[in-house]
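Enquirer: Input structure: upload.pdb, which contains PDB, C-alpha atoms.
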ATOM      1  CA  MET A   1     -20.137 -11.831  -8.075
ATOM      2  CA  ALA A   2     -21.022  -9.380 -10.852
ATOM      3  CA  MET A   3     -19.401  -5.965 -10.285
ATOM      4  CA  ASP A   4     -22.372  -4.053 -11.637
ATOM      5  CA  SER A   5     -23.162  -1.695  -8.755
ATOM      6  CA  LEU A   6     -21.491   0.322  -6.019
ATOM      7  CA  GLU A   7     -22.899  -2.192  -3.514
ATOM      8  CA  ALA A   8     -21.077  -4.998  -5.332
ATOM      9  CA  LEU A   9     -17.817  -3.003  -5.435
ATOM     10  CA  PHE A  10     -18.180  -2.275  -1.712
ATOM     11  CA  GLU A  11     -18.788  -5.940  -0.889
ATOM     12  CA  ASP A  12     -15.858  -6.996  -3.063
ATOM     13  CA  GLY A  13     -13.573  -4.557  -1.211
ATOM     14  CA  LEU A  14     -14.885  -5.710   2.125
ATOM     15  CA  ARG A  15     -14.125  -9.346   1.307
ATOM     16  CA  ASP A  16     -10.620  -8.301   0.300
ATOM     17  CA  MET A  17     -10.013  -6.594   3.646
ATOM     18  CA  TYR A  18     -11.615  -9.458   5.581
ATOM     19  CA  TYR A  19      -9.054 -11.823   4.071
ATOM     20  CA  ALA A  20      -6.270  -9.275   4.643
ATOM     21  CA  GLU A  21      -7.044  -8.602   8.307
ATOM     22  CA  LYS A  22      -7.440 -12.298   9.108
ATOM     23  CA  LYS A  23      -4.094 -13.014   7.473
ATOM     24  CA  LEU A  24      -2.512 -10.149   9.416
ATOM     25  CA  THR A  25      -3.618 -11.667  12.725
ATOM     26  CA  ARG A  26      -1.278 -14.553  11.803
ATOM     27  CA  ILE A  27       1.546 -12.483  10.265
ATOM     28  CA  LEU A  28       1.955  -9.847  12.979
ATOM     29  CA  PRO A  29       2.845 -12.348  15.748
ATOM     30  CA  LYS A  30       5.531 -13.793  13.426
ATOM     31  CA  MET A  31       6.925 -10.297  12.886
ATOM     32  CA  ALA A  32       6.856  -9.704  16.665
ATOM     33  CA  LYS A  33       9.004 -12.834  17.123
ATOM     34  CA  LYS A  34      11.545 -11.678  14.542
ATOM     35  CA  ALA A  35      11.788  -8.066  15.768
ATOM     36  CA  THR A  36      14.817  -7.482  17.976
ATOM     37  CA  SER A  37      13.692  -4.117  19.390
ATOM     38  CA  PRO A  38      11.282  -4.821  22.299
ATOM     39  CA  GLU A  39       9.345  -1.657  21.407
ATOM     40  CA  LEU A  40       8.859  -2.839  17.819
ATOM     41  CA  ALA A  41       7.894  -6.333  18.990
ATOM     42  CA  ASP A  42       5.334  -4.820  21.394
ATOM     43  CA  ALA A  43       3.913  -2.650  18.625
ATOM     44  CA  PHE A  44       3.389  -5.742  16.428
ATOM     45  CA  THR A  45       1.834  -7.709  19.310
ATOM     46  CA  SER A  46      -0.570  -4.958  20.278
ATOM     47  CA  HIS A  47      -1.504  -4.307  16.648
ATOM     48  CA  ALA A  48      -2.194  -8.035  16.221
ATOM     49  CA  GLU A  49      -4.737  -7.760  19.064
ATOM     50  CA  GLU A  50      -6.212  -4.607  17.528
ATOM     51  CA  THR A  51      -6.500  -6.475  14.233
ATOM     52  CA  GLU A  52      -8.723  -9.114  15.877
ATOM     53  CA  GLY A  53     -11.151  -6.286  16.661
ATOM     54  CA  GLN A  54     -10.905  -5.034  13.079
ATOM     55  CA  VAL A  55     -11.893  -8.489  11.808
ATOM     56  CA  GLU A  56     -14.947  -8.347  14.074
ATOM     57  CA  ARG A  57     -15.868  -4.891  12.776
ATOM     58  CA  ILE A  58     -15.818  -6.179   9.204
ATOM     59  CA  GLU A  59     -18.087  -9.046  10.306
ATOM     60  CA  LYS A  60     -20.494  -6.440  11.707
ATOM     61  CA  VAL A  61     -20.453  -4.576   8.383
ATOM     62  CA  PHE A  62     -21.302  -7.842   6.570
ATOM     63  CA  GLU A  63     -24.217  -8.225   9.012
ATOM     64  CA  LEU A  64     -25.386  -4.701   8.172
ATOM     65  CA  LEU A  65     -25.273  -5.732   4.497
ATOM     66  CA  ASP A  66     -27.227  -8.849   5.429
ATOM     67  CA  LYS A  67     -24.450 -10.947   3.901
ATOM     68  CA  THR A  68     -22.365 -13.821   5.184
ATOM     69  CA  ALA A  69     -18.829 -12.706   6.055
ATOM     70  CA  ARG A  70     -16.556 -14.221   3.444
ATOM     71  CA  GLY A  71     -13.007 -13.352   2.506
ATOM     72  CA  LYS A  72     -11.450 -13.362  -0.906
ATOM     73  CA  ARG A  73      -7.733 -13.738  -1.579
ATOM     74  CA  CYS A  74      -6.253 -10.233  -1.316
ATOM     75  CA  GLU A  75      -3.432 -10.195  -3.864
ATOM     76  CA  ALA A  76      -1.980  -6.932  -2.552
ATOM     77  CA  LEU A  77      -1.680  -8.283   0.981
ATOM     78  CA  GLU A  78      -0.108 -11.481  -0.400
ATOM     79  CA  GLY A  79       2.496  -9.316  -2.138
ATOM     80  CA  LEU A  80       3.105  -7.117   0.897
ATOM     81  CA  SER A  81       3.394 -10.230   3.028
ATOM     82  CA  ALA A  82       5.954 -11.715   0.617
ATOM     83  CA  GLU A  83       8.023  -8.549   1.056
ATOM     84  CA  GLY A  84       7.851  -8.938   4.833
ATOM     85  CA  ASP A  85       8.939 -12.595   4.474
ATOM     86  CA  HIS A  86      11.879 -11.451   2.346
ATOM     87  CA  VAL A  87      13.082  -9.235   5.214
ATOM     88  CA  MET A  88      12.497 -11.963   7.827
ATOM     89  CA  GLU A  89      14.438 -14.499   5.739
ATOM     90  CA  GLU A  90      17.236 -12.311   4.409
ATOM     91  CA  ALA A  91      18.110  -9.739   7.089
ATOM     92  CA  GLU A  92      21.437 -10.800   8.538
ATOM     93  CA  GLU A  93      21.745  -8.166  11.202
ATOM     94  CA  ASP A  94      19.432  -7.109  14.060
ATOM     95  CA  GLY A  95      19.161  -3.435  13.117
ATOM     96  CA  VAL A  96      18.543  -4.258   9.456
ATOM     97  CA  MET A  97      15.811  -6.712  10.527
ATOM     98  CA  ASP A  98      14.071  -4.045  12.610
ATOM     99  CA  ALA A  99      14.389  -1.261  10.042
ATOM    100  CA  GLY A 100      13.138  -3.601   7.300
ATOM    101  CA  LEU A 101      10.239  -4.987   9.353
ATOM    102  CA  CYS A 102       9.164  -1.521  10.433
ATOM    103  CA  ALA A 103       9.072  -0.374   6.788
ATOM    104  CA  SER A 104       7.189  -3.507   5.699
ATOM    105  CA  ALA A 105       4.578  -2.960   8.390
ATOM    106  CA  GLN A 106       4.172   0.670   7.354
ATOM    107  CA  ALA A 107       3.592  -0.416   3.754
ATOM    108  CA  VAL A 108       0.778  -2.656   5.016
ATOM    109  CA  GLU A 109      -0.685   0.165   7.113
ATOM    110  CA  HIS A 110      -0.674   2.472   4.104
ATOM    111  CA  TYR A 111      -2.380  -0.130   1.945
ATOM    112  CA  GLU A 112      -5.084  -0.457   4.592
ATOM    113  CA  ILE A 113      -5.425   3.325   4.973
ATOM    114  CA  ALA A 114      -6.088   3.590   1.230
ATOM    115  CA  ARG A 115      -8.542   0.686   1.189
ATOM    116  CA  TYR A 116     -10.521   1.778   4.244
ATOM    117  CA  GLY A 117     -10.592   5.322   2.860
ATOM    118  CA  ALA A 118     -12.305   4.036  -0.299
ATOM    119  CA  LEU A 119     -14.651   1.705   1.619
ATOM    120  CA  ILE A 120     -15.727   4.585   3.883
ATOM    121  CA  ALA A 121     -16.383   6.855   0.891
ATOM    122  CA  TRP A 122     -18.473   4.112  -0.748
ATOM    123  CA  ALA A 123     -20.388   3.349   2.477
ATOM    124  CA  LYS A 124     -21.229   7.046   2.819
ATOM    125  CA  GLN A 125     -22.307   7.169  -0.812
ATOM    126  CA  LEU A 126     -24.561   4.194  -0.105
ATOM    127  CA  GLU A 127     -25.906   6.024   2.980
ATOM    128  CA  MET A 128     -24.679   3.165   5.188
ATOM    129  CA  THR A 129     -23.775   5.412   8.110
ATOM    130  CA  ASP A 130     -23.317   2.619  10.672
ATOM    131  CA  ALA A 131     -20.976   0.738   8.341
ATOM    132  CA  ALA A 132     -19.020   3.923   7.626
ATOM    133  CA  ASP A 133     -18.677   4.611  11.367
ATOM    134  CA  LEU A 134     -17.306   1.123  12.041
ATOM    135  CA  LEU A 135     -14.780   1.456   9.218
ATOM    136  CA  VAL A 136     -13.734   4.923  10.416
ATOM    137  CA  GLU A 137     -12.837   3.387  13.796
ATOM    138  CA  THR A 138     -10.541   0.933  12.038
ATOM    139  CA  LEU A 139      -9.075   3.615   9.771
ATOM    140  CA  GLU A 140      -8.145   5.692  12.812
ATOM    141  CA  GLU A 141      -6.415   2.656  14.354
ATOM    142  CA  GLU A 142      -4.427   2.061  11.151
ATOM    143  CA  LYS A 143      -3.349   5.703  11.018
ATOM    144  CA  ALA A 144      -2.312   5.587  14.680
ATOM    145  CA  ALA A 145      -0.366   2.351  14.057
ATOM    146  CA  ASP A 146       1.477   3.998  11.154
ATOM    147  CA  GLU A 147       2.306   7.056  13.294
ATOM    148  CA  LYS A 148       3.611   4.819  16.088
ATOM    149  CA  LEU A 149       5.811   2.942  13.600
ATOM    150  CA  ASN A 150       7.151   6.272  12.325
ATOM    151  CA  GLY A 151       8.366   7.021  15.829
ATOM    152  CA  ILE A 152       9.873   3.532  16.220
ATOM    153  CA  ALA A 153      11.604   3.801  12.819
ATOM    154  CA  GLU A 154      13.423   6.899  14.062
ATOM    155  CA  LYS A 155      14.843   4.770  16.863
ATOM    156  CA  VAL A 156      15.603   1.538  15.010
ATOM    157  CA  ASN A 157      17.038   2.978  11.761
ATOM    158  CA  PRO A 158      20.135   4.398  13.520
ATOM    159  CA  MET A 159      20.768   0.941  15.045
ATOM    160  CA  ALA A 160      21.198  -0.717  11.634
ATOM    161  CA  GLU A 161      24.778  -1.661  10.829
ATOM    162  CA  ARG A 162      26.520   0.576   8.308
ATOM    163  CA  LYS A 163      29.106  -0.634   5.863
ATOM    164  CA  GLU A 164      31.691   1.863   7.061
ATOM    165  CA  ALA A 165      31.355   0.506  10.586
ATOM    166  CA  ALA A 166      31.397  -3.145   9.523
TER     167      ALA A 166
ATOM    168  CA  MET B   1      22.675  -9.576  -2.146
ATOM    169  CA  ALA B   2      23.327 -10.065   1.568
ATOM    170  CA  MET B   3      21.049  -7.844   3.677
ATOM    171  CA  ASP B   4      23.704  -7.154   6.269
ATOM    172  CA  SER B   5      23.760  -3.355   6.350
ATOM    173  CA  LEU B   6      21.493  -0.340   6.017
ATOM    174  CA  GLU B   7      23.112   0.322   2.636
ATOM    175  CA  ALA B   8      22.045  -3.129   1.443
ATOM    176  CA  LEU B   9      18.499  -2.610   2.745
ATOM    177  CA  PHE B  10      18.358   0.760   0.988
ATOM    178  CA  GLU B  11      19.593  -0.703  -2.299
ATOM    179  CA  ASP B  12      17.126  -3.589  -2.007
ATOM    180  CA  GLY B  13      14.241  -1.132  -1.504
ATOM    181  CA  LEU B  14      15.445   1.005  -4.379
ATOM    182  CA  ARG B  15      15.476  -1.999  -6.734
ATOM    183  CA  ASP B  16      11.946  -2.797  -5.619
ATOM    184  CA  MET B  17      10.709   0.703  -6.469
ATOM    185  CA  TYR B  18      12.647   0.757  -9.755
ATOM    186  CA  TYR B  19      10.734  -2.332 -10.859
ATOM    187  CA  ALA B  20       7.466  -0.887  -9.510
ATOM    188  CA  GLU B  21       7.763   2.495 -11.237
ATOM    189  CA  LYS B  22       8.788   0.934 -14.546
ATOM    190  CA  LYS B  23       5.814  -1.392 -14.388
ATOM    191  CA  LEU B  24       3.532   1.547 -13.544
ATOM    192  CA  THR B  25       4.611   3.378 -16.693
ATOM    193  CA  ARG B  26       2.959   0.467 -18.547
ATOM    194  CA  ILE B  27      -0.063  -0.003 -16.238
ATOM    195  CA  LEU B  28      -1.216   3.622 -15.960
ATOM    196  CA  PRO B  29      -1.858   4.069 -19.705
ATOM    197  CA  LYS B  30      -4.001   0.882 -19.617
ATOM    198  CA  MET B  31      -5.980   2.332 -16.710
ATOM    199  CA  ALA B  32      -6.370   5.614 -18.618
ATOM    200  CA  LYS B  33      -7.899   3.651 -21.529
ATOM    201  CA  LYS B  34     -10.376   1.873 -19.248
ATOM    202  CA  ALA B  35     -11.415   4.976 -17.257
ATOM    203  CA  THR B  36     -14.675   6.467 -18.490
ATOM    204  CA  SER B  37     -14.363   9.812 -16.675
ATOM    205  CA  PRO B  38     -12.135  12.078 -18.823
ATOM    206  CA  GLU B  39     -10.770  13.684 -15.649
ATOM    207  CA  LEU B  40      -9.742  10.288 -14.252
ATOM    208  CA  ALA B  41      -8.236   9.253 -17.601
ATOM    209  CA  ASP B  42      -6.247  12.525 -17.716
ATOM    210  CA  ALA B  43      -5.032  11.965 -14.156
ATOM    211  CA  PHE B  44      -3.710   8.504 -15.109
ATOM    212  CA  THR B  45      -2.086   9.814 -18.291
ATOM    213  CA  SER B  46      -0.356  12.709 -16.576
ATOM    214  CA  HIS B  47       0.770  10.485 -13.695
ATOM    215  CA  ALA B  48       2.202   8.013 -16.230
ATOM    216  CA  GLU B  49       4.371  10.851 -17.585
ATOM    217  CA  GLU B  50       5.342  11.872 -14.055
ATOM    218  CA  THR B  51       6.283   8.245 -13.374
ATOM    219  CA  GLU B  52       8.818   8.341 -16.249
ATOM    220  CA  GLY B  53      10.571  11.130 -14.341
ATOM    221  CA  GLN B  54      10.418   9.083 -11.146
ATOM    222  CA  VAL B  55      12.163   6.191 -12.910
ATOM    223  CA  GLU B  56      14.929   8.611 -13.953
ATOM    224  CA  ARG B  57      15.269   9.891 -10.376
ATOM    225  CA  ILE B  58      15.801   6.343  -9.120
ATOM    226  CA  GLU B  59      18.461   5.872 -11.813
ATOM    227  CA  LYS B  60      20.187   9.004 -10.477
ATOM    228  CA  VAL B  61      20.089   7.565  -6.946
ATOM    229  CA  PHE B  62      21.711   4.348  -8.235
ATOM    230  CA  GLU B  63      24.402   6.550  -9.800
ATOM    231  CA  LEU B  64      24.951   8.276  -6.455
ATOM    232  CA  LEU B  65      25.381   4.795  -4.939
ATOM    233  CA  ASP B  66      27.809   3.974  -7.750
ATOM    234  CA  LYS B  67      25.629   0.992  -8.652
ATOM    235  CA  THR B  68      24.024  -0.167 -11.869
ATOM    236  CA  ALA B  69      20.270   0.520 -11.882
ATOM    237  CA  ARG B  70      18.594  -2.861 -11.617
ATOM    238  CA  GLY B  71      15.040  -3.720 -10.674
ATOM    239  CA  LYS B  72      13.829  -6.662  -8.664
ATOM    240  CA  ARG B  73      10.326  -8.103  -8.865
ATOM    241  CA  CYS B  74       8.191  -6.047  -6.487
ATOM    242  CA  GLU B  75       5.654  -8.530  -5.097
ATOM    243  CA  ALA B  76       3.496  -5.813  -3.548
ATOM    244  CA  LEU B  77       3.139  -3.972  -6.856
ATOM    245  CA  GLU B  78       2.346  -7.281  -8.580
ATOM    246  CA  GLY B  79      -0.457  -7.805  -6.064
ATOM    247  CA  LEU B  80      -1.752  -4.243  -6.338
ATOM    248  CA  SER B  81      -1.632  -4.547 -10.100
ATOM    249  CA  ALA B  82      -3.637  -7.805  -9.963
ATOM    250  CA  GLU B  83      -6.300  -5.935  -7.986
ATOM    251  CA  GLY B  84      -6.418  -3.232 -10.657
ATOM    252  CA  ASP B  85      -6.728  -5.932 -13.329
ATOM    253  CA  HIS B  86      -9.626  -7.447 -11.377
ATOM    254  CA  VAL B  87     -11.495  -4.111 -11.603
ATOM    255  CA  MET B  88     -10.631  -3.659 -15.292
ATOM    256  CA  GLU B  89     -11.859  -7.181 -16.102
ATOM    257  CA  GLU B  90     -14.897  -7.399 -13.829
ATOM    258  CA  ALA B  91     -16.484  -3.937 -13.634
ATOM    259  CA  GLU B  92     -19.672  -4.097 -15.674
ATOM    260  CA  GLU B  93     -20.710  -0.493 -15.346
ATOM    261  CA  ASP B  94     -18.923   2.789 -16.130
ATOM    262  CA  GLY B  95     -19.278   4.343 -12.678
ATOM    263  CA  VAL B  96     -18.158   1.144 -10.941
ATOM    264  CA  MET B  97     -15.128   0.994 -13.251
ATOM    265  CA  ASP B  98     -14.116   4.554 -12.362
ATOM    266  CA  ALA B  99     -14.744   4.204  -8.621
ATOM    267  CA  GLY B 100     -12.806   0.914  -8.592
ATOM    268  CA  LEU B 101      -9.899   2.205 -10.686
ATOM    269  CA  CYS B 102      -9.622   5.349  -8.599
ATOM    270  CA  ALA B 103      -9.407   3.256  -5.404
ATOM    271  CA  SER B 104      -6.859   0.877  -6.966
ATOM    272  CA  ALA B 105      -4.675   3.785  -8.002
ATOM    273  CA  GLN B 106      -4.880   5.270  -4.515
ATOM    274  CA  ALA B 107      -3.778   1.951  -3.024
ATOM    275  CA  VAL B 108      -0.708   2.095  -5.295
ATOM    276  CA  GLU B 109      -0.013   5.714  -4.313
ATOM    277  CA  HIS B 110      -0.189   4.798  -0.629
ATOM    278  CA  TYR B 111       2.184   1.890  -1.119
ATOM    279  CA  GLU B 112       4.633   4.234  -2.795
ATOM    280  CA  ILE B 113       4.212   6.887  -0.092
ATOM    281  CA  ALA B 114       5.150   4.293   2.541
ATOM    282  CA  ARG B 115       8.116   2.953   0.547
ATOM    283  CA  TYR B 116       9.556   6.357  -0.359
ATOM    284  CA  GLY B 117       9.076   7.454   3.255
ATOM    285  CA  ALA B 118      11.280   4.581   4.412
ATOM    286  CA  LEU B 119      13.844   5.089   1.628
ATOM    287  CA  ILE B 120      14.152   8.788   2.513
ATOM    288  CA  ALA B 121      14.622   7.986   6.220
ATOM    289  CA  TRP B 122      17.340   5.462   5.319
ATOM    290  CA  ALA B 123      19.055   7.839   2.872
ATOM    291  CA  LYS B 124      19.163  10.520   5.571
ATOM    292  CA  GLN B 125      20.510   7.997   8.069
ATOM    293  CA  LEU B 126      23.224   7.168   5.529
ATOM    294  CA  GLU B 127      23.902  10.906   5.109
ATOM    295  CA  MET B 128      23.049  10.626   1.409
ATOM    296  CA  THR B 129      21.464  14.076   1.224
ATOM    297  CA  ASP B 130      21.313  14.245  -2.584
ATOM    298  CA  ALA B 131      19.589  10.870  -2.788
ATOM    299  CA  ALA B 132      17.134  11.888  -0.062
ATOM    300  CA  ASP B 133      16.340  15.126  -1.923
ATOM    301  CA  LEU B 134      15.600  13.252  -5.168
ATOM    302  CA  LEU B 135      13.328  10.803  -3.363
ATOM    303  CA  VAL B 136      11.531  13.641  -1.545
ATOM    304  CA  GLU B 137      10.642  15.134  -4.937
ATOM    305  CA  THR B 138       9.020  11.850  -5.927
ATOM    306  CA  LEU B 139       7.284  11.451  -2.561
ATOM    307  CA  GLU B 140       5.701  14.886  -2.968
ATOM    308  CA  GLU B 141       4.447  13.895  -6.434
ATOM    309  CA  GLU B 142       2.912  10.687  -5.066
ATOM    310  CA  LYS B 143       1.172  12.591  -2.269
ATOM    311  CA  ALA B 144      -0.166  15.141  -4.753
ATOM    312  CA  ALA B 145      -1.382  12.328  -7.043
ATOM    313  CA  ASP B 146      -3.227  10.734  -4.116
ATOM    314  CA  GLU B 147      -4.819  14.080  -3.174
ATOM    315  CA  LYS B 148      -5.916  14.631  -6.779
ATOM    316  CA  LEU B 149      -7.484  11.147  -6.861
ATOM    317  CA  ASN B 150      -9.309  11.935  -3.604
ATOM    318  CA  GLY B 151     -10.973  14.856  -5.353
ATOM    319  CA  ILE B 152     -11.801  12.756  -8.420
ATOM    320  CA  ALA B 153     -13.241   9.961  -6.233
ATOM    321  CA  GLU B 154     -15.721  12.459  -4.794
ATOM    322  CA  LYS B 155     -16.955  13.055  -8.333
ATOM    323  CA  VAL B 156     -16.907   9.507  -9.722
ATOM    324  CA  ASN B 157     -18.310   7.612  -6.693
ATOM    325  CA  PRO B 158     -21.764   9.243  -6.996
ATOM    326  CA  MET B 159     -21.847   8.188 -10.672
ATOM    327  CA  ALA B 160     -21.638   4.475  -9.842
ATOM    328  CA  GLU B 161     -24.893   2.611 -10.361
ATOM    329  CA  ARG B 162     -26.789   1.689  -7.216
ATOM    330  CA  LYS B 163     -28.868  -1.433  -6.845
ATOM    331  CA  GLU B 164     -31.968   0.525  -5.887
ATOM    332  CA  ALA B 165     -31.729   2.493  -9.109
ATOM    333  CA  ALA B 166     -31.048  -0.554 -11.272
TER     334      ALA B 166
END
Would you give me this structure, written as structure tokens?
Expert:
Amino acid sequence: MAMDSLEALFEDGLRDMYYAEKKLTRILPKMAKKATSPELADAFTSHAEETEGQVERIEKVFELLDKTARGKRCEALEGLSAEGDHVMEEAEEDGVMDAGLCASAQAVEHYEIARYGALIAWAKQLEMTDAADLLVETLEEEKAADEKLNGIAEKVNPMAERKEAA
Amino acid sequence: MAMDSLEALFEDGLRDMYYAEKKLTRILPKMAKKATSPELADAFTSHAEETEGQVERIEKVFELLDKTARGKRCEALEGLSAEGDHVMEEAEEDGVMDAGLCASAQAVEHYEIARYGALIAWAKQLEMTDAADLLVETLEEEKAADEKLNGIAEKVNPMAERKEAA
């Protein structure tokens, strides 16, 4: 696809997020299984469900564009996901697992906040109000998810083993 | 390195950001060259200089930990960087290049905001006040860079070619 217009840039970004959100519906349940804090596990499970709705919203935006919903490998999400895998594979202690997973999830949320922020700005520029409104709904969910994780981090970080105590 | 304590998680995250910031000192000047808006190019150039200082701050934190400063391949930054490369290689129009580069840079800023947020929380948990203070300085710079790019996006997005006008 030639990136020769704002429409093309918008569609390219949308395909990126479509891939990312679909991948997250598979990653978040894995993170929920690895989390040792029930509150953190619940947060991952409920955000996985929310993410299903976000996938559907992107499909609606593709419809508004009169395009077939298609994803495209999102390199950033692949990288963020690799960092989450690193925590899941390497954390040798429950508190470290939770603190690491919480931080990994927040990195994903922030990536999405940035991407949806740009997509919304472009949709508005293209006078696609309905598309912008749908993406704003998702952006608000991502911000709320990040806020919730902030609160959980304050609880799980103090549970991580410290060398002095080991 | 065994991830068996909060100290180990902190050091792991620090190595990640050390790699990321060093890589960004090389990426940002490339983005400045590709940007067509002088204001966007200036923003990338001045943030590249700021990033040199951020690398030094991380080196100081390693010193406080009594560890040698060493980076570790940051998969997320590799992915974010690949997305920036995609824009630099594929954008066929000046306005699309600027809008795309601005969004890519904001995705990087948000990643850093999330990572420094976690590192600061962990440093405080570890009662490493001096390390936390250094990282807060960097976090504030990243937030300011993101804000500045928000303002620039409002100017460059309307410059991107639209299909109707093509």
Enquirer: Let me make sure I understand: among B:Gln106, B:Thr129, B:Ser46, B:Thr36, which one has the smallest atom-to-atom distance to chain A if we use all atoms listed in the file?
Expert: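 Looking at the shortest contact to chain A, the residue is B:Gln106.
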Enquirer: Counting only C-alpha atoms, what is within 12 Å of Met1 in chain B, bar same-chain residues fewer than 6 positions away, as a PyMOL selection string?
Expert: (chain A and resi 86+90-92) or (chain B and resi 7-13+15+72)
Enquirer: Excluding same-chain residues fewer than 2 positions from range 157-164 of chain A, what lies within 6 Å of it counting all atoms listed in the file, as a list in words?
Expert: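 Final neighbour list, sorted by chain and number: Gly95, Val96, Ala99, Ala153, Glu154, Lys155 and Ala166 of chain A; Ser5 and Leu6 of chain B.
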Enquirer: Just to be explicit: take each residue in the selection above, keep C-alpha atoms, and write the result as a PDB file, in the frame of the given file.
Expert:
ATOM      1  CA  GLY A  95      19.161  -3.435  13.117  1.00  0.00           C
ATOM      2  CA  VAL A  96      18.543  -4.258   9.456  1.00  0.00           C
ATOM      3  CA  ALA A  99      14.389  -1.261  10.042  1.00  0.00           C
ATOM      4  CA  ALA A 153      11.604   3.801  12.819  1.00  0.00           C
ATOM      5  CA  GLU A 154      13.423   6.899  14.062  1.00  0.00           C
ATOM      6  CA  LYS A 155      14.843   4.770  16.863  1.00  0.00           C
ATOM      7  CA  ALA A 166      31.397  -3.145   9.523  1.00  0.00           C
TER       8      ALA A 166
ATOM      9  CA  SER B   5      23.760  -3.355   6.350  1.00  0.00           C
ATOM     10  CA  LEU B   6      21.493  -0.340   6.017  1.00  0.00           C
TER      11      LEU B   6
END
Enquirer: Just give me the gap between CA of Ala145 in chain B and CA of Leu101 in chain B in Å, one decimal is fine.
Expert: 13.7 Å
Enquirer: Check the smallest atom-to-atom distance from each of B:Ala2, B:Ala35, B:Ala43, B:Leu119 to Asp16 in chain B using only C-alpha atoms, then report the winner.
Expert: B:Leu119
Enquirer: If I put a ball of radius 12 Å at (-12.1, 7.4, 8.6) in the file's coordinates, which residues poke into it when counting all atoms listed in the file, written as a PyMOL selection string?
Expert: chain A and resi 112-124+129+131-144
Enquirer: Just give me the gap between CA of Lys34 in chain A and CA of Glu93 in chain A in Å, one decimal is fine.
Expert: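 Distance reported for this atom pair: 11.3 Å.
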Enquirer: Taking the file as I've supplied it (selection: the PyMOL selection byres ((chain A and resi 79-83) around 8)), which residues are included? Please answer as a list in words.
Expert: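 Selection result, ordered by chain and number: Ile27, Glu75, Ala76, Leu77, Glu78, Gly84, Asp85, His86, Val87, Ser104, Ala107 and Val108 of chain A; Cys74, Glu75, Ala76, Leu77, Glu78, Gly79 and Leu80 of chain B.
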Enquirer: One decimal, in Å: what's the spacing between CA of His47 in chain B and CA of Asn150 in chain B?
Expert: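 So the two atoms, CA of His47 in chain B and CA of Asn150 in chain B, lie 14.3 Å apart.
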